[in-house]
Amino acid sequence: MKTAAPFWIINALFVAVRFFCAWQIELLPSEARNFLYSQFINLSYLDSPPLSAYIIKISTLLLGNSEFAVRFPFIIAFLAAVYFFYLSVQILFGQKTAFWSSVLINMLPFSFFDGIFANGNSFFLCFSILSFFIFLLILNGKNKNLWYLLGVCWGLAALTKYSGFFIIISVFLFLIFSKENRHLLKNKEPYFAALIAAAFFSPVLIWNIENHLAAFVRILQIFSLSQISASSFFKPVIIQILYLTPLLFALFLLSAASALKTFYKSRDGISVIIFAFAVIPILFFSLLAVFSVKDAYSAAFGYFLLSAVCVKDGAAYFRQKKWFKFYSFLCGALCIVSIVLTVLFLNGKISVPQKLLSYCNFEGAYRGYEKLQPQIDKIAQRYILKNKPFILAADSAIADQMFFYMRKYAVFCINGGLGDYDFLQTNLTTLRGKTAIFISDREDFQPRKEYGAAFSSYSAPFEIAADMGADNKEKKVFYAAKCRVFEPSKLEQYNAKKEKIGEKENLPSALIKYDRNLFKFINRKLNYPLFNFITAPVSYLDSKGFNSTFFIILILSIAALFNVKGGKFWLYLALFASALIVSTLLNLTLKDYFDRARPISVFGQESVNFFYEILYSKSFPSGHTQAAFAMAVFTFMTSAKTRYKTTCILAAFLTAFERIYVGAHFPADVLVGAVLGSACAFSIVKLSEIAESRRKDKKSAEKKYSWRMRK
């Protein structure tokens, strides 16, 4: 069965429907929060990694600030996720199952809306499923260098949602339980892939180090045992029934049970894949959802794969059993009805009991903000332009929405849930003396009680109504008050945090601060007698102009070159010298260009743990480290002896550590030096291999030509 054309036709229809919904539905609070983050680009954020914000920033720059512009890249990402899922299922179960699985995924209520909303789920699914597809190619004996691409996908998945790291766990679980593929654990590629993922995730780590591990502390606070009750264990099940519809949930449950049974009995390749990539993630995130209902979304990748198992297992029943045909059509109809009802609810055409919304931890009242602006304009027009009031939102969810829909006003939220890390709580001193229009969706929220003497006077609360719907018959009621003459110094919350609330650091200053803090940790906190005993003689020789580590690695590298196959010692020695010369010239050029101050120049001699070298300038990049890595990487790529390769690489890393420990360089100097030295060696070796390959091809062509001439 050829399914490529039907696949694209079906998905084009679903994409068209999603585009239509993207135009019609107002932003949810989580989407508005991501838009807010996109206006304050940073390494990471308190409640999410940064990739969604980066993507929204690019999309809105190109398409403008609209709901469609915010959601457009996420719709495309979900289409890519479905395509990679289709290719993956083709490998596992064949084309027919792949096609019907992709149809089912598009129809599931949770995945349909994951393909619209800009909450990060679609990119999380895209990179997770792409990782799974690449892993299947690796298992089928494709190029082992695909591991490195897999590492990139792991890192991108984690930059979208923290749960993206679970795909790494699934891969290693599979390798542990699969006897046929367990040998891959002995190779270096899986571990290098994990290191690549960690490198991509490093901006989040840097941000957390700069902010006292705030995001990780927040995650731990969510999983508090004090929140657990008897109903907490039923919530995840009920929510996932709603995500899938009750009839499909029953089928998925049976498919999972069947996969577990097969895994227990035989542990064949397919059953281990289903166990590691579907069953375990669903169980794990369902358990986490006991603490935080939103974590139930993270099981989406598991349900993707389980849907393929469901289609495969159900195919035989569909052909043979009339009741199962009816059941299948009923499942499809129920999915479509669920999607239609949800769209109607999101557009305000129908209502849902508030108790059900709160039970499911729905994001709350989010509609009406777009239609609220004319009412705000009427209040604001009474003030002269230079004293234009700012909007003071009752909570961060309202502030996020108003930040998107009312860009002409400054929007602030003083008591939002994100506290010191909220962008809507900064620079309050710029508002001194201004009037605020307080907005809440709760009648019982009293600004006078909350803000006290921070404002000189408060008006009586009054209602403002936004017209909803095409006929403007439905009204969305907000509660407002005018708060006059703001004085931030009298705001209790601000006084308590004024040392923390202020201008956010830009990226360069944050990286420099992190670099200096890391230097202090290595140079001062790791000050042990053993390290001093080892590094003091090295530093003394360096101060006399003798680079001892350079000569140690040089001797080891030349010794390794004697063992090069084919008697090419002099050729490789010339290449080795070329790599070293190129690296040195590049290093000297960059040192002169940047002329970065050394740690002693920045902190002073009394604040740096130095030995014999007293250096003040030309810190970036580290010459010792660059030369060490140029030699070590060249040896690693050309030598056949493991002992030489290992010793040279270890010596290079010790050189890098020593340059920071003795107070000669910042970590960034050493890191860039290591990268540049490695790049120089890698380039020289690869260029020589290309030249050798062309020489052999030319020689072979000449032989073939001369043979034909003789003939």
# chains A, B, ... in the order shown; residues from 1 in each chain; ligands from 1
call {"tool": "select_by_dssp", "arguments": {"residues": "segment 30-271 of chain A", "states": "helix (DSSP H, G or I)", "output": "VMD selection string"}}
result
chain A and resid 30 to 38 51 to 63 67 to 93 95 to 107 109 to 114 121 to 139 146 to 160 162 to 177 182 to 186 189 to 210 214 to 222 225 to 227 230 to 233 235 to 244 246 to 265 269 to 271
call {"tool": "residues_around", "arguments": {"residues": "Asn145 of chain A", "least_positions_apart": "3", "cutoff": "8 Å", "atoms": "only C-alpha atoms", "output": "PyMOL selection string"}}
result
chain A and resi 148-149+189
call {"tool": "write_last_selection", "arguments": {"atoms": "all heavy atoms", "output": "short mmCIF file (atom, residue, chain, number, x, y, z; two decimals), in the first residue's frame"}}
result
data_model
loop_
_atom_site.label_atom_id
_atom_site.label_comp_id
_atom_site.auth_asym_id
_atom_site.auth_seq_id
_atom_site.Cartn_x
_atom_site.Cartn_y
_atom_site.Cartn_z
N TYR A 148 25.84 11.37 17.01
CA TYR A 148 26.12 12.77 17.33
C TYR A 148 24.91 13.66 16.99
O TYR A 148 24.60 14.60 17.71
CB TYR A 148 27.37 13.23 16.59
CG TYR A 148 28.56 12.33 16.88
CD1 TYR A 148 29.22 11.64 15.86
CD2 TYR A 148 28.99 12.12 18.19
CE1 TYR A 148 30.28 10.79 16.13
CE2 TYR A 148 30.05 11.28 18.47
CZ TYR A 148 30.69 10.61 17.45
OH TYR A 148 31.73 9.77 17.72
N LEU A 149 24.24 13.32 15.88
CA LEU A 149 23.00 14.02 15.55
C LEU A 149 21.93 13.72 16.60
O LEU A 149 21.14 14.61 16.97
CB LEU A 149 22.51 13.60 14.17
CG LEU A 149 21.22 14.25 13.67
CD1 LEU A 149 21.35 15.77 13.62
CD2 LEU A 149 20.84 13.70 12.30
N GLU A 189 30.16 6.25 21.34
CA GLU A 189 29.20 7.17 20.71
C GLU A 189 28.00 7.51 21.59
O GLU A 189 27.60 8.70 21.65
CB GLU A 189 28.72 6.60 19.36
CG GLU A 189 29.70 6.71 18.24
CD GLU A 189 30.76 5.63 18.29
OE1 GLU A 189 30.59 4.67 19.07
OE2 GLU A 189 31.76 5.74 17.55
#
call {"tool": "residues_around", "arguments": {"residues": "Pro488 of chain A", "least_positions_apart": "6", "cutoff": "8 Å", "atoms": "only C-alpha atoms", "output": "MDAnalysis selection string"}}
result
chainID A and resid 428:429 431:432 454 494
call {"tool": "write_last_selection", "arguments": {"atoms": "N, CA and C atoms", "output": "mmCIF file, in the first residue's frame"}}
result
data_model
loop_
_atom_site.group_PDB
_atom_site.id
_atom_site.type_symbol
_atom_site.label_atom_id
_atom_site.label_comp_id
_atom_site.auth_asym_id
_atom_site.auth_seq_id
_atom_site.Cartn_x
_atom_site.Cartn_y
_atom_site.Cartn_z
ATOM 1 N N LEU A 428 10.448 49.119 38.996
ATOM 2 C CA LEU A 428 9.271 49.795 39.553
ATOM 3 C C LEU A 428 9.530 51.276 39.823
ATOM 4 N N THR A 429 10.784 51.656 40.017
ATOM 5 C CA THR A 429 11.076 53.065 40.332
ATOM 6 C C THR A 429 10.730 53.997 39.169
ATOM 7 N N LEU A 431 8.082 54.066 37.687
ATOM 8 C CA LEU A 431 6.641 54.348 37.754
ATOM 9 C C LEU A 431 6.286 55.320 38.872
ATOM 10 N N ARG A 432 7.285 55.828 39.567
ATOM 11 C CA ARG A 432 7.026 56.720 40.713
ATOM 12 C C ARG A 432 6.148 57.907 40.286
ATOM 13 N N ALA A 454 1.441 52.223 49.192
ATOM 14 C CA ALA A 454 2.198 52.389 47.952
ATOM 15 C C ALA A 454 1.512 53.363 47.006
ATOM 16 N N TYR A 494 8.119 45.213 47.623
ATOM 17 C CA TYR A 494 9.291 45.730 46.914
ATOM 18 C C TYR A 494 10.443 45.975 47.879
#
call {"tool": "closest_residue", "arguments": {"among": "A:Tyr327, A:Tyr514, A:Tyr479, A:Tyr593", "to": "Glu210 of chain A", "atoms": "only C-alpha atoms"}}
result
A:Tyr514
call {"tool": "atom_distance", "arguments": {"atom1": "atom CA of Asp444 of chain A", "atom2": "atom CA of Ala480 of chain A"}}
result
11.3 Å
call {"tool": "residues_around", "arguments": {"residues": "Thr435 of chain A", "least_positions_apart": "6", "cutoff": "6 Å", "atoms": "only C-alpha atoms", "output": "list in words"}}
result
Pro389, Cys483, Arg484 and Val485 of chain A
call {"tool": "write_last_selection", "arguments": {"atoms": "all heavy atoms", "output": "compact mmCIF listing (two decimals), in the first residue's frame"}}
result
# COMPACT_ATOMS: atom_id res chain seq x y z
N PRO A 389 -1.28 56.24 32.42
CA PRO A 389 -1.26 55.24 33.51
C PRO A 389 -0.67 53.91 33.04
O PRO A 389 -0.64 53.62 31.84
CB PRO A 389 -2.74 55.09 33.87
CG PRO A 389 -3.48 55.50 32.65
CD PRO A 389 -2.66 56.56 32.01
N CYS A 483 -5.59 53.48 40.95
CA CYS A 483 -4.68 53.62 42.10
C CYS A 483 -3.75 54.80 41.78
O CYS A 483 -2.95 54.71 40.84
CB CYS A 483 -3.88 52.34 42.32
SG CYS A 483 -4.89 50.83 42.35
N ARG A 484 -3.84 55.86 42.55
CA ARG A 484 -3.19 57.12 42.19
C ARG A 484 -1.86 57.33 42.92
O ARG A 484 -1.73 56.97 44.08
CB ARG A 484 -4.13 58.30 42.48
CG ARG A 484 -5.46 58.22 41.73
CD ARG A 484 -6.37 59.38 42.06
NE ARG A 484 -7.66 59.23 41.40
CZ ARG A 484 -8.70 58.60 41.96
NH1 ARG A 484 -8.59 58.07 43.17
NH2 ARG A 484 -9.85 58.51 41.30
N VAL A 485 -0.92 57.96 42.23
CA VAL A 485 0.39 58.40 42.74
C VAL A 485 1.14 57.23 43.40
O VAL A 485 1.11 57.03 44.61
CB VAL A 485 0.25 59.58 43.73
CG1 VAL A 485 1.64 60.17 44.02
CG2 VAL A 485 -0.68 60.64 43.20
call {"tool": "closest_atom_pairs", "arguments": {"of": "segment 94-127 of chain A", "to": "segment 331-352 of chain A", "cutoff": "12 Å", "atoms": "only C-alpha atoms", "output": "JSON lines"}}
result
{"residue": "A:Trp100", "atom": "CA", "partner": "A:Gly332", "partner_atom": "CA", "distance": 11.7}
{"residue": "A:Val103", "atom": "CA", "partner": "A:Gly332", "partner_atom": "CA", "distance": 9.9}
{"residue": "A:Leu104", "atom": "CA", "partner": "A:Gly332", "partner_atom": "CA", "distance": 8.0}
{"residue": "A:Ile105", "atom": "CA", "partner": "A:Cys335", "partner_atom": "CA", "distance": 10.4}
{"residue": "A:Asn106", "atom": "CA", "partner": "A:Cys335", "partner_atom": "CA", "distance": 9.8}
{"residue": "A:Met107", "atom": "CA", "partner": "A:Cys335", "partner_atom": "CA", "distance": 6.0}
{"residue": "A:Leu108", "atom": "CA", "partner": "A:Cys335", "partner_atom": "CA", "distance": 5.9}
{"residue": "A:Pro109", "atom": "CA", "partner": "A:Ile339", "partner_atom": "CA", "distance": 5.6}
{"residue": "A:Phe110", "atom": "CA", "partner": "A:Ile339", "partner_atom": "CA", "distance": 8.8}
{"residue": "A:Ser111", "atom": "CA", "partner": "A:Ile339", "partner_atom": "CA", "distance": 10.2}
{"residue": "A:Phe112", "atom": "CA", "partner": "A:Ile339", "partner_atom": "CA", "distance": 7.6}
{"residue": "A:Phe113", "atom": "CA", "partner": "A:Ile339", "partner_atom": "CA", "distance": 8.3}
{"residue": "A:Asp114", "atom": "CA", "partner": "A:Ile339", "partner_atom": "CA", "distance": 11.8}
{"residue": "A:Ile116", "atom": "CA", "partner": "A:Val343", "partner_atom": "CA", "distance": 11.3}
{"residue": "A:Phe117", "atom": "CA", "partner": "A:Leu346", "partner_atom": "CA", "distance": 11.9}
call {"tool": "residues_around", "arguments": {"residues": "segment 298-310 of chain A", "least_positions_apart": "6", "cutoff": "9 Å", "atoms": "only C-alpha atoms", "output": "VMD selection string"}}
result
chain A and resid 85 89 93 97 to 98 100 to 102 104 to 105 110 to 111 121 124 to 125 128 to 129 161 163 to 164 251 to 252 254 to 256 259 274 277 to 286
call {"tool": "residues_around", "arguments": {"residues": "Ala628 of chain A", "least_positions_apart": "6", "cutoff": "8 Å", "atoms": "only C-alpha atoms", "output": "PyMOL selection string"}}
result
chain A and resi 549-550+553+651-652+655+674+677
call {"tool": "write_last_selection", "arguments": {"atoms": "C-alpha atoms", "output": "compact mmCIF listing (two decimals), in the first residue's frame"}}
result
# COMPACT_ATOMS: atom_id res chain seq x y z
CA THR A 549 53.40 20.65 30.09
CA PHE A 550 54.01 21.64 26.46
CA ILE A 553 52.86 16.42 25.53
CA ALA A 651 47.66 15.85 30.00
CA ALA A 652 45.80 18.47 27.93
CA THR A 655 47.01 21.72 31.57
CA ALA A 674 40.86 24.04 23.96
CA GLY A 677 43.52 24.02 19.42
call {"tool": "decode", "arguments": {"residues": "segment 304-347 of chain A", "atoms": "C-alpha atoms", "output": "CSV table (one decimal), in the first residue's frame"}}
result
chain,number,residue,atom,x,y,z
A,304,PHE,CA,2.4,8.4,20.2
A,305,LEU,CA,4.3,5.1,20.1
A,306,LEU,CA,1.5,3.2,21.9
A,307,SER,CA,-1.0,4.5,19.3
A,308,ALA,CA,1.0,2.6,16.7
A,309,VAL,CA,0.9,-0.6,18.8
A,310,CYS,CA,-2.9,0.0,19.2
A,311,VAL,CA,-3.4,0.3,15.4
A,312,LYS,CA,-1.2,-2.8,14.7
A,313,ASP,CA,-3.0,-4.9,17.3
A,314,GLY,CA,-6.4,-3.7,16.2
A,315,ALA,CA,-5.9,-4.4,12.5
A,316,ALA,CA,-6.7,-8.1,12.7
A,317,TYR,CA,-9.8,-7.5,14.9
A,318,PHE,CA,-10.9,-4.7,12.5
A,319,ARG,CA,-11.0,-7.2,9.6
A,320,GLN,CA,-12.6,-10.1,11.4
A,321,LYS,CA,-14.9,-8.6,14.1
A,322,LYS,CA,-17.9,-6.5,13.2
A,323,TRP,CA,-18.2,-5.2,16.7
A,324,PHE,CA,-14.6,-3.9,16.7
A,325,LYS,CA,-15.3,-2.0,13.4
A,326,PHE,CA,-18.2,-0.3,15.1
A,327,TYR,CA,-16.1,0.3,18.2
A,328,SER,CA,-13.3,1.9,16.0
A,329,PHE,CA,-15.7,4.2,14.2
A,330,LEU,CA,-17.2,5.2,17.5
A,331,CYS,CA,-13.7,6.0,18.8
A,332,GLY,CA,-13.0,8.2,15.8
A,333,ALA,CA,-16.4,10.0,16.1
A,334,LEU,CA,-15.8,10.6,19.8
A,335,CYS,CA,-12.4,12.1,19.1
A,336,ILE,CA,-13.9,14.5,16.5
A,337,VAL,CA,-16.8,15.4,18.9
A,338,SER,CA,-14.3,16.1,21.7
A,339,ILE,CA,-12.2,18.3,19.5
A,340,VAL,CA,-15.2,20.3,18.2
A,341,LEU,CA,-16.6,20.8,21.7
A,342,THR,CA,-13.2,21.9,23.0
A,343,VAL,CA,-12.8,24.5,20.2
A,344,LEU,CA,-16.3,25.7,20.9
A,345,PHE,CA,-15.5,26.1,24.6
A,346,LEU,CA,-12.2,27.9,23.8
A,347,ASN,CA,-14.2,30.3,21.7
